[in-house]
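As stored in model31.cif (mmCIF, C-alpha atoms):
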data_target
loop_
_atom_site.group_PDB
_atom_site.id
_atom_site.type_symbol
_atom_site.label_atom_id
_atom_site.label_comp_id
_atom_site.auth_asym_id
_atom_site.auth_seq_id
_atom_site.Cartn_x
_atom_site.Cartn_y
_atom_site.Cartn_z
ATOM 1 C CA MET S 188 -15.205 -67.361 -29.135
ATOM 2 C CA ILE S 189 -14.633 -65.211 -26.025
ATOM 3 C CA SER S 190 -14.019 -61.581 -26.981
ATOM 4 C CA ILE S 191 -11.561 -59.667 -24.808
ATOM 5 C CA ALA S 192 -10.532 -56.025 -24.381
ATOM 6 C CA LEU S 193 -7.128 -55.416 -22.824
ATOM 7 C CA ALA S 194 -5.830 -52.309 -21.028
ATOM 8 C CA ASP S 195 -2.200 -51.956 -19.934
ATOM 9 C CA ASP S 196 0.121 -48.956 -20.275
ATOM 10 C CA HIS S 197 3.197 -51.090 -21.012
ATOM 11 C CA ALA S 198 2.932 -51.694 -24.760
ATOM 12 C CA ILE S 199 5.391 -54.577 -24.933
ATOM 13 C CA LEU S 200 3.713 -56.427 -22.098
ATOM 14 C CA ARG S 201 0.248 -55.671 -23.497
ATOM 15 C CA LYS S 202 1.199 -56.977 -26.929
ATOM 16 C CA GLY S 203 2.703 -60.062 -25.316
ATOM 17 C CA VAL S 204 -0.492 -60.802 -23.385
ATOM 18 C CA ALA S 205 -2.591 -60.232 -26.513
ATOM 19 C CA GLU S 206 -0.403 -62.616 -28.498
ATOM 20 C CA LEU S 207 -0.590 -65.200 -25.722
ATOM 21 C CA ILE S 208 -4.385 -64.987 -25.616
ATOM 22 C CA SER S 209 -4.550 -65.357 -29.403
ATOM 23 C CA LYS S 210 -2.999 -68.791 -28.998
ATOM 24 C CA PHE S 211 -5.827 -69.936 -26.712
ATOM 25 C CA ASP S 212 -8.371 -71.928 -28.718
ATOM 26 C CA ASN S 213 -11.536 -70.021 -27.825
ATOM 27 C CA MET S 214 -10.346 -66.465 -27.161
ATOM 28 C CA LYS S 215 -9.613 -63.305 -29.130
ATOM 29 C CA VAL S 216 -8.466 -59.807 -28.123
ATOM 30 C CA VAL S 217 -10.740 -57.475 -30.082
ATOM 31 C CA TYR S 218 -9.030 -54.237 -29.048
ATOM 32 C CA GLU S 219 -6.356 -52.841 -26.725
ATOM 33 C CA ALA S 220 -5.795 -49.612 -24.811
ATOM 34 C CA GLY S 221 -2.914 -47.939 -22.984
ATOM 35 C CA ASP S 222 -5.055 -46.681 -20.093
ATOM 36 C CA GLY S 223 -8.576 -46.785 -18.727
ATOM 37 C CA LYS S 224 -9.765 -43.633 -20.441
ATOM 38 C CA GLU S 225 -8.741 -44.937 -23.851
ATOM 39 C CA LEU S 226 -10.419 -48.270 -23.083
ATOM 40 C CA LEU S 227 -13.707 -46.578 -22.177
ATOM 41 C CA GLU S 228 -13.572 -44.431 -25.315
ATOM 42 C CA LYS S 229 -13.005 -47.462 -27.532
ATOM 43 C CA THR S 230 -15.717 -49.450 -25.752
ATOM 44 C CA ALA S 231 -18.225 -46.637 -26.337
ATOM 45 C CA THR S 232 -17.779 -47.038 -30.104
ATOM 46 C CA GLN S 233 -18.507 -50.773 -30.101
ATOM 47 C CA ASP S 234 -21.842 -52.284 -31.101
ATOM 48 C CA LYS S 235 -21.303 -54.964 -28.452
ATOM 49 C CA ILE S 236 -19.079 -54.868 -25.401
ATOM 50 C CA PRO S 237 -16.409 -57.587 -25.043
ATOM 51 C CA ASP S 238 -17.148 -60.676 -22.994
ATOM 52 C CA VAL S 239 -14.220 -59.960 -20.647
ATOM 53 C CA PHE S 240 -12.181 -56.841 -19.853
ATOM 54 C CA ILE S 241 -8.609 -57.427 -18.658
ATOM 55 C CA LEU S 242 -7.199 -54.501 -16.679
ATOM 56 C CA ASP S 243 -3.821 -53.598 -15.298
ATOM 57 C CA ILE S 244 -4.035 -51.638 -12.036
ATOM 58 C CA ASN S 245 -1.173 -49.165 -12.333
ATOM 59 C CA MET S 246 -2.026 -47.098 -15.426
ATOM 60 C CA PRO S 247 -1.782 -43.344 -16.124
ATOM 61 C CA VAL S 248 -4.808 -41.103 -16.762
ATOM 62 C CA MET S 249 -7.229 -43.685 -15.339
ATOM 63 C CA ASN S 250 -5.975 -46.599 -13.261
ATOM 64 C CA GLY S 251 -7.471 -50.060 -12.942
ATOM 65 C CA TYR S 252 -9.580 -49.254 -9.889
ATOM 66 C CA GLU S 253 -11.142 -46.225 -11.572
ATOM 67 C CA THR S 254 -11.601 -48.081 -14.843
ATOM 68 C CA ALA S 255 -13.328 -51.054 -13.196
ATOM 69 C CA HIS S 256 -15.630 -48.680 -11.316
ATOM 70 C CA ALA S 257 -16.500 -46.769 -14.500
ATOM 71 C CA LEU S 258 -17.079 -49.949 -16.517
ATOM 72 C CA LYS S 259 -19.406 -51.440 -13.904
ATOM 73 C CA LYS S 260 -21.329 -48.174 -13.666
ATOM 74 C CA LYS S 261 -21.846 -47.912 -17.432
ATOM 75 C CA TYR S 262 -22.057 -51.641 -18.211
ATOM 76 C CA PRO S 263 -23.333 -53.327 -15.005
ATOM 77 C CA GLY S 264 -23.180 -56.828 -16.434
ATOM 78 C CA CYS S 265 -19.621 -56.612 -17.754
ATOM 79 C CA LYS S 266 -16.956 -59.023 -16.547
ATOM 80 C CA ILE S 267 -13.562 -57.789 -15.422
ATOM 81 C CA LEU S 268 -10.299 -59.609 -14.742
ATOM 82 C CA ALA S 269 -7.479 -57.759 -13.016
ATOM 83 C CA LEU S 270 -4.021 -58.709 -14.271
ATOM 84 C CA SER S 271 -1.514 -57.112 -11.937
ATOM 85 C CA MET S 272 1.918 -57.340 -10.380
ATOM 86 C CA TYR S 273 0.475 -56.372 -6.981
ATOM 87 C CA ASP S 274 -0.047 -59.365 -4.732
ATOM 88 C CA ASN S 275 -0.985 -57.576 -1.504
ATOM 89 C CA GLU S 276 -4.412 -58.072 0.036
ATOM 90 C CA LEU S 277 -5.423 -54.413 -0.022
ATOM 91 C CA SER S 278 -4.870 -54.112 -3.785
ATOM 92 C CA ILE S 279 -6.886 -57.266 -4.384
ATOM 93 C CA ILE S 280 -9.689 -56.141 -2.082
ATOM 94 C CA LYS S 281 -9.834 -52.664 -3.619
ATOM 95 C CA MET S 282 -10.054 -54.120 -7.124
ATOM 96 C CA LEU S 283 -12.821 -56.528 -6.096
ATOM 97 C CA ARG S 284 -14.637 -53.699 -4.310
ATOM 98 C CA ASN S 285 -14.591 -51.721 -7.560
ATOM 99 C CA GLY S 286 -16.212 -54.560 -9.460
ATOM 100 C CA ALA S 287 -13.493 -56.973 -10.632
ATOM 101 C CA ASN S 288 -14.684 -60.552 -11.115
ATOM 102 C CA GLY S 289 -11.230 -62.047 -10.690
ATOM 103 C CA TYR S 290 -7.576 -61.311 -10.024
ATOM 104 C CA VAL S 291 -4.469 -62.887 -11.564
ATOM 105 C CA LEU S 292 -0.822 -61.978 -11.049
ATOM 106 C CA LYS S 293 1.305 -61.086 -14.064
ATOM 107 C CA ASP S 294 3.827 -63.771 -13.212
ATOM 108 C CA ALA S 295 1.159 -66.497 -13.243
ATOM 109 C CA ASP S 296 1.410 -69.436 -15.601
ATOM 110 C CA PRO S 297 -0.382 -68.883 -18.950
ATOM 111 C CA SER S 298 -2.706 -71.766 -18.124
ATOM 112 C CA GLU S 299 -3.972 -69.834 -15.093
ATOM 113 C CA LEU S 300 -4.776 -66.800 -17.238
ATOM 114 C CA ARG S 301 -6.694 -68.996 -19.671
ATOM 115 C CA ASN S 302 -8.526 -70.682 -16.810
ATOM 116 C CA ALA S 303 -9.373 -67.331 -15.207
ATOM 117 C CA ILE S 304 -10.857 -65.963 -18.425
ATOM 118 C CA ASN S 305 -12.912 -69.119 -18.966
ATOM 119 C CA GLU S 306 -14.160 -69.141 -15.362
ATOM 120 C CA ILE S 307 -15.194 -65.490 -15.467
ATOM 121 C CA TYR S 308 -16.923 -65.954 -18.803
ATOM 122 C CA GLN S 309 -18.792 -69.094 -17.733
ATOM 123 C CA HIS S 310 -19.299 -68.602 -13.990
ATOM 124 C CA GLU S 311 -18.705 -64.852 -13.419
ATOM 125 C CA PHE S 312 -15.950 -65.229 -10.820
ATOM 126 C CA TYR S 313 -12.414 -66.528 -10.533
ATOM 127 C CA TYR S 314 -10.572 -66.633 -7.214
ATOM 128 C CA SER S 315 -7.495 -68.807 -7.893
ATOM 129 C CA ASP S 316 -5.930 -69.552 -4.514
ATOM 130 C CA LEU S 317 -7.072 -66.287 -2.897
ATOM 131 C CA VAL S 318 -9.676 -68.199 -0.929
ATOM 132 C CA THR S 319 -10.362 -71.779 0.014
ATOM 133 C CA GLY S 320 -12.932 -74.096 -1.475
ATOM 134 C CA ARG S 321 -14.996 -73.605 1.652
ATOM 135 C CA VAL S 322 -15.296 -69.867 0.920
ATOM 136 C CA LEU S 323 -16.366 -70.562 -2.656
ATOM 137 C CA LYS S 324 -19.088 -72.832 -1.315
ATOM 138 C CA LEU S 325 -20.278 -70.160 1.099
ATOM 139 C CA LEU S 326 -20.382 -67.589 -1.672
ATOM 140 C CA GLN S 327 -22.757 -69.652 -3.791
ATOM 141 C CA VAL S 328 -25.690 -68.563 -1.618
ATOM 142 C CA PRO S 329 -26.692 -65.015 -0.639
ATOM 143 C CA GLU S 330 -27.164 -65.831 3.006
ATOM 144 C CA THR S 331 -25.858 -68.547 5.312
ATOM 145 C CA LYS S 332 -26.423 -69.613 8.884
ATOM 146 C CA ASN S 333 -22.938 -68.395 9.679
ATOM 147 C CA SER S 334 -23.613 -64.887 8.326
ATOM 148 C CA ASN S 335 -26.733 -64.684 10.479
ATOM 149 C CA ALA S 336 -24.624 -65.529 13.518
ATOM 150 C CA LEU S 337 -22.322 -62.518 13.137
ATOM 151 C CA THR S 338 -22.453 -59.921 15.872
ATOM 152 C CA GLU S 339 -22.896 -56.235 15.118
ATOM 153 C CA LYS S 340 -19.225 -55.570 15.907
ATOM 154 C CA GLU S 341 -18.071 -58.451 13.704
ATOM 155 C CA THR S 342 -20.196 -57.130 10.844
ATOM 156 C CA SER S 343 -18.742 -53.633 11.285
ATOM 157 C CA PHE S 344 -15.250 -55.107 11.260
ATOM 158 C CA LEU S 345 -16.103 -57.138 8.150
ATOM 159 C CA VAL S 346 -17.184 -53.973 6.324
ATOM 160 C CA LEU S 347 -13.922 -52.224 7.264
ATOM 161 C CA CYS S 348 -11.950 -55.246 6.029
ATOM 162 C CA CYS S 349 -13.069 -54.211 2.540
ATOM 163 C CA SER S 350 -11.369 -50.841 2.919
ATOM 164 C CA GLU S 351 -7.731 -49.829 2.569
ATOM 165 C CA TYR S 352 -7.324 -49.403 6.328
ATOM 166 C CA THR S 353 -4.725 -51.461 8.146
ATOM 167 C CA TYR S 354 -5.877 -53.533 11.109
ATOM 168 C CA ARG S 355 -4.508 -50.869 13.457
ATOM 169 C CA GLU S 356 -6.443 -48.157 11.621
ATOM 170 C CA ILE S 357 -9.565 -50.307 11.748
ATOM 171 C CA ALA S 358 -9.149 -50.514 15.515
ATOM 172 C CA GLU S 359 -8.979 -46.715 15.673
ATOM 173 C CA LYS S 360 -12.084 -46.370 13.502
ATOM 174 C CA MET S 361 -13.983 -48.775 15.736
ATOM 175 C CA ASP S 362 -12.571 -47.148 18.880
ATOM 176 C CA VAL S 363 -11.289 -50.454 20.233
ATOM 177 C CA SER S 364 -7.851 -51.895 20.897
ATOM 178 C CA PRO S 365 -5.831 -53.720 18.204
ATOM 179 C CA ARG S 366 -6.156 -56.839 20.341
ATOM 180 C CA THR S 367 -9.953 -56.580 20.203
ATOM 181 C CA VAL S 368 -9.797 -56.285 16.409
ATOM 182 C CA ASP S 369 -7.599 -59.378 16.349
ATOM 183 C CA GLY S 370 -10.379 -61.107 18.285
ATOM 184 C CA TYR S 371 -13.012 -60.095 15.727
ATOM 185 C CA ARG S 372 -10.792 -61.362 12.929
ATOM 186 C CA GLU S 373 -10.112 -64.721 14.550
ATOM 187 C CA SER S 374 -13.787 -65.145 15.395
ATOM 188 C CA LEU S 375 -14.780 -64.546 11.765
ATOM 189 C CA PHE S 376 -12.059 -66.882 10.525
ATOM 190 C CA GLN S 377 -13.531 -69.592 12.732
ATOM 191 C CA LYS S 378 -17.230 -68.901 12.068
ATOM 192 C CA LEU S 379 -16.834 -68.633 8.302
ATOM 193 C CA ASP S 380 -13.945 -71.074 7.893
ATOM 194 C CA ILE S 381 -11.928 -68.381 6.081
ATOM 195 C CA LYS S 382 -8.172 -67.976 6.395
ATOM 196 C CA SER S 383 -7.372 -64.521 5.002
ATOM 197 C CA ARG S 384 -8.520 -60.907 4.893
ATOM 198 C CA THR S 385 -9.064 -61.280 1.153
ATOM 199 C CA GLY S 386 -11.419 -64.168 1.849
ATOM 200 C CA LEU S 387 -13.346 -62.062 4.376
ATOM 201 C CA ALA S 388 -13.658 -59.223 1.868
ATOM 202 C CA ILE S 389 -14.888 -61.518 -0.896
ATOM 203 C CA TYR S 390 -17.407 -63.044 1.498
ATOM 204 C CA ALA S 391 -18.684 -59.595 2.486
ATOM 205 C CA ILE S 392 -19.018 -58.493 -1.125
ATOM 206 C CA LYS S 393 -20.671 -61.660 -2.414
ATOM 207 C CA THR S 394 -23.176 -61.934 0.442
ATOM 208 C CA GLY S 395 -24.210 -58.290 0.049
ATOM 209 C CA ILE S 396 -22.848 -57.093 3.379
ATOM 210 C CA VAL S 397 -20.723 -54.698 1.331
ATOM 211 C CA SER S 398 -21.755 -53.436 -2.095
ATOM 212 C CA VAL S 399 -19.288 -53.120 -4.969
ATOM 213 C CA THR S 400 -18.426 -49.768 -6.593
#

Rewrite the structure of this file - the entire thing - as structure tokens.
Amino acid sequence: MISIALADDHAILRKGVAELISKFDNMKVVYEAGDGKELLEKTATQDKIPDVFILDINMPVMNGYETAHALKKKYPGCKILALSMYDNELSIIKMLRNGANGYVLKDADPSELRNAINEIYQHEFYYSDLVTGRVLKLLQVPETKNSNALTEKETSFLVLCCSEYTYREIAEKMDVSPRTVDGYRESLFQKLDIKSRTGLAIYAIKTGIVSVT
């Protein structure tokens, strides 16, 4: 039985997710919270932490980013799934950077939520369609020939891809033109066989180029 702790400030939605999970054969929500602070307080009273934490991003008092960061700092081996309405790359990257092991949208099919929880529990990570199968294969090893082939500028760009900066702001940080940044991006897409900024960020995090939290 996979034990789950759930944090979401919308009570109706939270109760609905908890009820949905209770219908999955091998899963059980052991406690709920309305924000990150409450979740951390409840977790501190437990003899054993849950197998998976499910976090909303937009919560009062302590949001999902802050909560994921705090959980990973206190319980380094914990597993976190973000369940959010935000589908933009920067939100996904920021959540992964703060320690999330997976990311699912709130409008996803229930079967995807079940699959995500199982994947995180069994294999630590769940990417859905955020990245291609090729990226998943690359991420299975800490270092690849392709990562060794990255130039210093490409590596610097890769690190900044894990930030909240836009591509234009990244260009300013690197003191190059937006067109040059576009060149770094396209070069990395080709070298690593990755098709999105999210994929680049996940690659950087999983290969240790960028550390989480």

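The closest residue to Pro237 in chain S, picked from S:Val363, S:Leu379, S:Ile267, S:Ile280 and counting all atoms listed in the file, is S:Ile267.
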
Residue with smallest distance to Glu206 in chain S - pool S:Glu306, S:Asn250, S:Pro297, S:Val291, counting all atoms listed in the file: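 Closest to Glu206 in chain S, using all atoms listed in the file: S:Pro297.
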
S:Asp234, S:Tyr252, S:Ile244, S:Ser190 ranked by distance to Tyr218 in chain S, top pick (using all atoms listed in the file): S:Ser190

What's around Pro247 in chain S at 10 Å? Count all atoms listed in the file, leave out sequence neighbours fewer than 3 positions away in its own chain, and write the answer as a compact mmCIF listing (two decimals) with C-alpha atoms, keeping the file's coordinate frame.
# COMPACT_ATOMS: atom_id res chain seq x y z
CA ASP S 195 -2.20 -51.96 -19.93
CA ASP S 196 0.12 -48.96 -20.27
CA GLY S 221 -2.91 -47.94 -22.98
CA ASP S 222 -5.06 -46.68 -20.09
CA GLY S 223 -8.58 -46.78 -18.73
CA LYS S 224 -9.76 -43.63 -20.44
CA ILE S 244 -4.04 -51.64 -12.04
CA ASN S 250 -5.98 -46.60 -13.26
CA GLY S 251 -7.47 -50.06 -12.94

Selection: 9 Å around Glu351 in chain S, only C-alpha atoms, excl. self and same-chain fewer than 3 positions, as number ranges by chain: S: 277-278, 280-281, 347-348

Selection near Ala336 in chain S, 10 Å with only C-alpha atoms, sequence-local residues under 5 positions removed, as a PyMOL selection string: chain S and resi 331+341-342+378-379

Residue with smallest distance to Ala388 in chain S - pool S:Thr367, S:Gly264, S:Lys293, S:Glu276, counting only C-alpha atoms: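 That would be S:Glu276, the residue with the smallest distance to Ala388 in chain S.
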
Surrounding residues of Phe344 in chain S excluding itself and chain neighbours under 4 positions, 10 Å, only C-alpha atoms, as a list of chain:residue names: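 Within the cut-off, the hits are S:Thr338, S:Glu339, S:Lys340, S:Cys348, S:Cys349, S:Tyr354, S:Ile357, S:Ala358, S:Lys360, S:Met361, S:Val368, S:Tyr371, S:Arg372, S:Leu375, S:Leu387.
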
Nearest candidate to Met246 in chain S (options S:Leu300, S:Met272, S:Ala231, S:Ala194; using all atoms listed in the file):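 Result for the nearest residue to Met246 in chain S: S:Ala194.
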
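Our summary of the geometry notes that CA of Asp362 in chain S is positioned 25.7 Å from CA of Asn275 in chain S.
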
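Separating CA of Gly286 in chain S from CA of Ser350 in chain S is a distance of 13.8 Å.
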
Proximity to Met249 in chain S - best of S:Leu227, S:Ile208, S:Ile236, S:Ala192, all atoms listed in the file: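 Counting all atoms listed in the file, the residue closest to Met249 in chain S is S:Leu227.
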
Exercise: Glu219 in chain S partners within 9 Å, all atoms listed in the file, chain neighbours under 6 positions left out, as a VMD selection string: chain S and resid 191 to 195 201 to 202 205 225 to 226 229

Once you have the residues from the selection above, write them out as a compact mmCIF listing (two decimals), in the frame of the given file, restricted to C-alpha atoms.
# COMPACT_ATOMS: atom_id res chain seq x y z
CA ILE S 191 -11.56 -59.67 -24.81
CA ALA S 192 -10.53 -56.02 -24.38
CA LEU S 193 -7.13 -55.42 -22.82
CA ALA S 194 -5.83 -52.31 -21.03
CA ASP S 195 -2.20 -51.96 -19.93
CA ARG S 201 0.25 -55.67 -23.50
CA LYS S 202 1.20 -56.98 -26.93
CA ALA S 205 -2.59 -60.23 -26.51
CA GLU S 225 -8.74 -44.94 -23.85
CA LEU S 226 -10.42 -48.27 -23.08
CA LYS S 229 -13.00 -47.46 -27.53

Output as JSON the centre and edge lengths (Å, one decimal) of the box along x, y and z of the file that holds every listed atom of range 361-373 of chain S after adding 8 Å on each side.
{"center_x": -9.9, "center_y": -55.9, "center_z": 16.9, "size_x": 24.2, "size_y": 33.6, "size_z": 24.0}

Explicit residue set for the PyMOL selection byres ((chain S and resi 397) around 10), as a list in words: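 Applying the PyMOL selection byres ((chain S and resi 397) around 10) to the structure shown produces Arg284, Thr342, Leu345, Val346, Leu347, Cys348, Cys349, Ala388, Ile389, Tyr390, Ala391, Ile392, Lys393, Thr394, Gly395, Ile396, Ser398, Val399 and Thr400 of chain S.
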
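Atom pair CA of Ala269 in chain S / CA of Tyr352 in chain S has a distance of 21.1 Å (rounded to one decimal).
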